[in-house]
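The structure appears right after this line, and notes come after that.
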Amino acid sequence: MSGPGPLLRKGFVFGLVLQHELQHQETMLQTLQLQTTVEYPVRDDSPFGDASDGPDEIRVEGDSFVLGATDEPWAYDNELVAHELELDAFFIDRTPVTNGAFADFISHRGNSSSKHWSPEGWAWREREEIRAPLFWERSKDGWERVRFGRREPVPLDEPVQHVSWYEADAFARWAGKRLPTEVEWERAAAWHERRGKDRFPWGGEWTGYEANLGHRRFSPAPAGSYAGGESRVGCRQLTGDVWEWTSSHFLPYPGFLAFPYPEFSEVYFGDEYRVLRGGSWATDSVVARSSFRSWDLPDRRHLFAGFRCARDG
């Protein structure tokens with residue numbers, strides 16, 4: 001008797017369905033956020049531990065590491081095949097970029113100068129009349145946002161969210177940096193020099209205190225929170241809080257094999273979509289593994305997405 005087919009091996013088909021349902025929960029929350037005239041009940045659990053200061057950026061040494069899913073029975077086809085590669089040293093921000101930093105970008109006219117934008121990004125900004133992150137509004141007292149129907153001051157210490165790839169790229173240029181590649185992001189998030197690949201930046205299991213996941217708090221936690229989730233290189237909040245835009249196009253890994261059908265990932269490969277990593281406060285821990293790759297168009301702003309910056313080392 002032959003063994004189970006690939007859909008049944010290690011319960012993959014069950015994992016596939018479960019992950020899809022969990023991803024749809026986040027999509028539904030994105031949809032509810034778009035309905036700004038209706039106030040929805042939300043939870044705002046406190047993060048574990050106070051936010052703490054640290055260096056603005058972390059230097060990650062150049063070395064070889066393994067990119068992609070290694071011991072993930074439910075890994076999607078675009079996370080495979082895991083492969084070793086060499087990576088030069090680089091710097092990456094310790095925490096995601098905050099609302100306060102993005103407000104400075106706006107107030108210092110970085111947002112309104114074409115020199116900081118890609119040609120495509122500037123054309124989009126002008127066409128869509130983009131002046132601030134989605135759901136932000138200027139009041140006499142400063143910036144306010146609408147969050148699930150509530151109007152409130154923008155918390156300056158929280159990671160910025162609801163920004164497009166174009167906006168993230170422009171901010172990074174204004175700051176004299178760039179967006180990290182997805183390879184750099186995964187190296188900072190998941191590689192342990194002795195143990196190899198970790199599922200999460202802090203290890204193999206989420207117990208609830210290491211990251212802002214699972215929509216227990218309906219917004220990002222202040223930058224620098226969740227000391228228990230610090231990565232091996234010293235970065236915080238690489239998992240949870242906000243999806244993080246990277247500079248990378250959504251492309252297949254060497255040896256890619258479409259499974260269970262080409263429309264799952266393969267039809268999206270190319271230079272149209274950009275990769276996001278890490279998951280948001282609305283992402284379930286089952287999905288938020290360090291090898292997980294999300295992707296979207298560079299003008300999308302309804303996502304619970306932010307970013308951190310990087311530069312050459």
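Residues are referred to by chain and number: the chain letter is A, B, ... according to the order shown in the structure tokens, the number counts from 1 in that chain, and ligands are numbered separately from 1 in the order shown.
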
If we count only C-alpha atoms, what is near region 57-74 of chain A at a cut-off of 6 Å, once residues fewer than 5 positions away on the same chain are taken out, given as a PyMOL selection string?
chain A and resi 12+15+79-80+82-94+291

All residues 10 Å or closer to region 149-152 of chain A, only C-alpha atoms, same chain fewer than 6 positions away omitted, as a compact mmCIF listing (two decimals) with N, CA and C atoms, in the first residue's frame:
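Result saved to around.txt:
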```txt
# COMPACT_ATOMS: atom_id res chain seq x y z
N LEU A 32 -13.54 45.74 8.17
CA LEU A 32 -14.24 46.50 9.21
C LEU A 32 -13.56 47.84 9.45
N GLN A 33 -12.24 47.89 9.41
CA GLN A 33 -11.53 49.15 9.60
C GLN A 33 -11.86 50.15 8.49
N LEU A 34 -12.12 49.66 7.30
CA LEU A 34 -12.47 50.54 6.19
C LEU A 34 -13.82 51.22 6.39
N GLN A 35 -14.68 50.61 7.21
CA GLN A 35 -16.00 51.19 7.48
C GLN A 35 -15.86 52.18 8.64
N THR A 36 -15.40 53.39 8.33
CA THR A 36 -15.01 54.34 9.37
C THR A 36 -16.19 54.99 10.08
N THR A 37 -17.41 54.82 9.58
CA THR A 37 -18.56 55.46 10.21
C THR A 37 -19.22 54.58 11.25
N VAL A 38 -18.74 53.36 11.43
CA VAL A 38 -19.31 52.43 12.40
C VAL A 38 -18.29 52.15 13.48
N GLU A 39 -18.70 52.32 14.75
CA GLU A 39 -17.79 52.06 15.87
C GLU A 39 -17.94 50.62 16.32
N TYR A 40 -16.85 49.87 16.23
CA TYR A 40 -16.86 48.48 16.61
C TYR A 40 -16.20 48.30 17.97
N PRO A 41 -16.67 47.33 18.76
CA PRO A 41 -15.99 47.04 20.03
C PRO A 41 -14.63 46.42 19.78
N PHE A 135 -6.40 56.83 7.05
CA PHE A 135 -7.16 57.02 8.29
C PHE A 135 -6.60 58.12 9.17
N TRP A 136 -5.52 58.79 8.75
CA TRP A 136 -5.03 59.96 9.49
C TRP A 136 -5.76 61.21 9.02
N GLU A 137 -6.04 62.11 9.97
CA GLU A 137 -6.63 63.40 9.65
C GLU A 137 -5.99 64.46 10.53
N TRP A 143 -2.30 65.40 14.73
CA TRP A 143 -2.82 64.30 13.94
C TRP A 143 -3.78 63.43 14.74
```

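The residue that comes closest to Ser107 (chain A), out of A:Gly228, A:Gly121, A:Gly142, A:Gly214 and on the basis of only C-alpha atoms, is A:Gly142.
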
Secondary structure check, helix (DSSP H, G or I) residues of region 147-196 of chain A, as a list in words:
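DSSP-assigned helix (DSSP H, G or I) residues in region 147-196 of chain A: Trp165, Tyr166, Glu167, Ala168, Asp169, Ala170, Phe171, Ala172, Arg173, Trp174, Glu182, Val183, Glu184, Trp185, Glu186, Arg187, Ala188, Ala189 and Ala190 of chain A.
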
Of the listed residues A:His215, A:Arg199, A:Arg301, A:Arg308, that which approaches Ile130 (chain A) most closely, counting only C-alpha atoms
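Closest to Ile130 (chain A) of all the choices is A:Arg301.
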
Which neighbours of Arg300 (chain A) fall inside 10 Å, counting only C-alpha atoms, when residues of the same chain fewer than 5 positions from it are skipped, and could you give them as a list in words?
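Listed by chain and then number, they are Leu134, His162, Val163, Ser164, Trp165, Tyr166 and Ala305 of chain A.
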
Minimum-distance residue to Ser294 (chain A), chosen among A:Arg217, A:His249, A:Lys115, A:Arg173 (using only C-alpha atoms):
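Closest residue, counting only C-alpha atoms: A:His249.
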
Residues within 7 Å of Tyr273 (chain A), please, as a ChimeraX atom specification. Count only C-alpha atoms; anything in the same chain fewer than 4 positions from it doesn't count.
/A:249-250,295-298

If we count only C-alpha atoms, what is near Gly234 (chain A) at a cut-off of 12 Å, once residues fewer than 2 positions away on the same chain are taken out, given as a PyMOL selection string?
chain A and resi 53-60+91-95+187-192+201-202+224+226-232+236-238

Same residues, N, CA and C atoms, saved as a compact mmCIF listing (two decimals), in the first residue's frame:
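Okay, this is what ended up in part_8.txt:
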```txt
# COMPACT_ATOMS: atom_id res chain seq x y z
N ASP A 53 14.14 51.53 25.80
CA ASP A 53 15.02 52.15 24.81
C ASP A 53 16.16 51.21 24.44
N GLY A 54 16.79 51.51 23.35
CA GLY A 54 17.92 50.76 22.88
C GLY A 54 18.52 51.46 21.69
N PRO A 55 19.49 50.86 21.04
CA PRO A 55 20.08 51.49 19.85
C PRO A 55 19.04 51.63 18.74
N ASP A 56 19.21 52.64 17.92
CA ASP A 56 18.27 52.85 16.82
C ASP A 56 18.33 51.73 15.79
N GLU A 57 19.52 51.18 15.59
CA GLU A 57 19.69 50.14 14.59
C GLU A 57 20.67 49.09 15.08
N ILE A 58 20.61 47.95 14.44
CA ILE A 58 21.43 46.80 14.81
C ILE A 58 22.29 46.40 13.61
N ARG A 59 23.57 46.14 13.87
CA ARG A 59 24.41 45.63 12.79
C ARG A 59 24.35 44.11 12.78
N VAL A 60 24.02 43.54 11.63
CA VAL A 60 23.96 42.10 11.46
C VAL A 60 25.16 41.68 10.62
N PHE A 91 22.88 46.91 8.37
CA PHE A 91 22.23 47.48 9.54
C PHE A 91 20.72 47.43 9.32
N ILE A 92 19.98 47.17 10.41
CA ILE A 92 18.52 47.16 10.33
C ILE A 92 17.97 47.82 11.59
N ASP A 93 16.88 48.56 11.46
CA ASP A 93 16.29 49.25 12.60
C ASP A 93 15.91 48.27 13.70
N ARG A 94 16.14 48.66 14.93
CA ARG A 94 15.80 47.80 16.06
C ARG A 94 14.30 47.60 16.18
N THR A 95 13.52 48.62 15.87
CA THR A 95 12.05 48.55 15.96
C THR A 95 11.44 49.10 14.67
N ARG A 187 16.96 36.94 7.91
CA ARG A 187 18.22 36.72 8.62
C ARG A 187 18.16 37.37 10.01
N ALA A 188 17.65 38.59 10.09
CA ALA A 188 17.56 39.29 11.37
C ALA A 188 16.52 38.64 12.29
N ALA A 189 15.52 38.02 11.70
CA ALA A 189 14.40 37.50 12.48
C ALA A 189 14.58 36.07 12.94
N ALA A 190 15.27 35.22 12.18
CA ALA A 190 15.08 33.79 12.40
C ALA A 190 16.34 32.95 12.50
N TRP A 191 17.51 33.53 12.31
CA TRP A 191 18.69 32.68 12.21
C TRP A 191 19.46 32.66 13.53
N HIS A 192 19.75 31.45 13.98
CA HIS A 192 20.56 31.24 15.17
C HIS A 192 21.85 30.54 14.73
N PRO A 201 11.31 34.83 16.03
CA PRO A 201 12.57 35.48 16.40
C PRO A 201 13.12 35.05 17.76
N TRP A 202 12.25 34.65 18.67
CA TRP A 202 12.69 34.28 20.02
C TRP A 202 12.83 32.78 20.21
N GLY A 224 9.45 49.09 20.84
CA GLY A 224 10.34 48.68 21.91
C GLY A 224 9.71 47.75 22.91
N TYR A 226 7.63 44.21 24.21
CA TYR A 226 7.82 42.76 24.07
C TYR A 226 9.29 42.35 24.06
N ALA A 227 9.94 42.64 25.20
CA ALA A 227 11.35 42.25 25.33
C ALA A 227 11.54 40.76 25.18
N GLY A 228 10.53 39.97 25.56
CA GLY A 228 10.63 38.53 25.44
C GLY A 228 10.65 38.03 24.02
N GLY A 229 10.30 38.89 23.07
CA GLY A 229 10.30 38.50 21.67
C GLY A 229 11.49 39.02 20.89
N GLU A 230 12.49 39.53 21.60
CA GLU A 230 13.66 40.08 20.91
C GLU A 230 14.38 38.99 20.11
N SER A 231 14.79 39.34 18.91
CA SER A 231 15.47 38.37 18.05
C SER A 231 16.91 38.16 18.52
N ARG A 232 17.56 37.16 17.94
CA ARG A 232 18.93 36.84 18.35
C ARG A 232 19.89 37.98 18.10
N ARG A 236 13.44 44.09 17.88
CA ARG A 236 12.16 43.84 18.54
C ARG A 236 11.00 44.01 17.56
N GLN A 237 9.93 43.28 17.83
CA GLN A 237 8.66 43.38 17.10
C GLN A 237 8.80 43.01 15.62
N LEU A 238 9.72 42.11 15.34
CA LEU A 238 9.79 41.59 13.98
C LEU A 238 8.59 40.72 13.66
```

With a distance cut-off of 9 Å and only C-alpha atoms, select the neighbouring residues of region 256-262 of chain A, excluding the residue or stretch itself and same-chain residues fewer than 4 positions from it, and output the selection as an MDAnalysis selection string.
chainID A and resid 6:7 76:81 252 266:267

Report, in Å with one decimal, the straight-line distance from CA of Trp124 (chain A) to CA of His108 (chain A).
20.3 Å

So which bits of region 147-204 of chain A end up strand (DSSP E or B) when you DSSP the backbone, as a ChimeraX atom specification?
/A:147,150-153,159,178,191-192,196-197,200,203

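From CA of Asp104 (chain A) back to CA of Asp44 (chain A), the distance works out to 26.3 Å.
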
Which is closest to Ser219 (chain A) among A:Asp198, A:Glu272, A:Glu120, A:Glu158, if we use only C-alpha atoms?
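Nearest to Ser219 (chain A): A:Glu158.
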
Considering only C-alpha atoms, return as a VMD selection string whatever protein or nucleic-acid residues lie within 8 Å of Asp45 (chain A), sequence-local ones (same chain, fewer than 2 positions apart) excluded.
chain A and resid 43 47 216 to 217

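Using only C-alpha atoms, the nearest neighbour of Ala175 (chain A) within the list A:Arg289, A:Arg195, A:Arg147, A:Arg311 is A:Arg311.
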
Which residue of A:Phe48, A:Phe14, A:Tyr268, A:Phe200 approaches Asn212 (chain A) most closely, using only C-alpha atoms
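Of A:Phe48, A:Phe14, A:Tyr268, A:Phe200, the one nearest Asn212 (chain A) is A:Phe48, counting only C-alpha atoms.
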
Kindly give the distance, in Å, that separates CA of Ala172 (chain A) and CA of Trp117 (chain A), rounded to a single decimal.
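Going from CA of Ala172 (chain A) over to CA of Trp117 (chain A), I get 9.6 Å.
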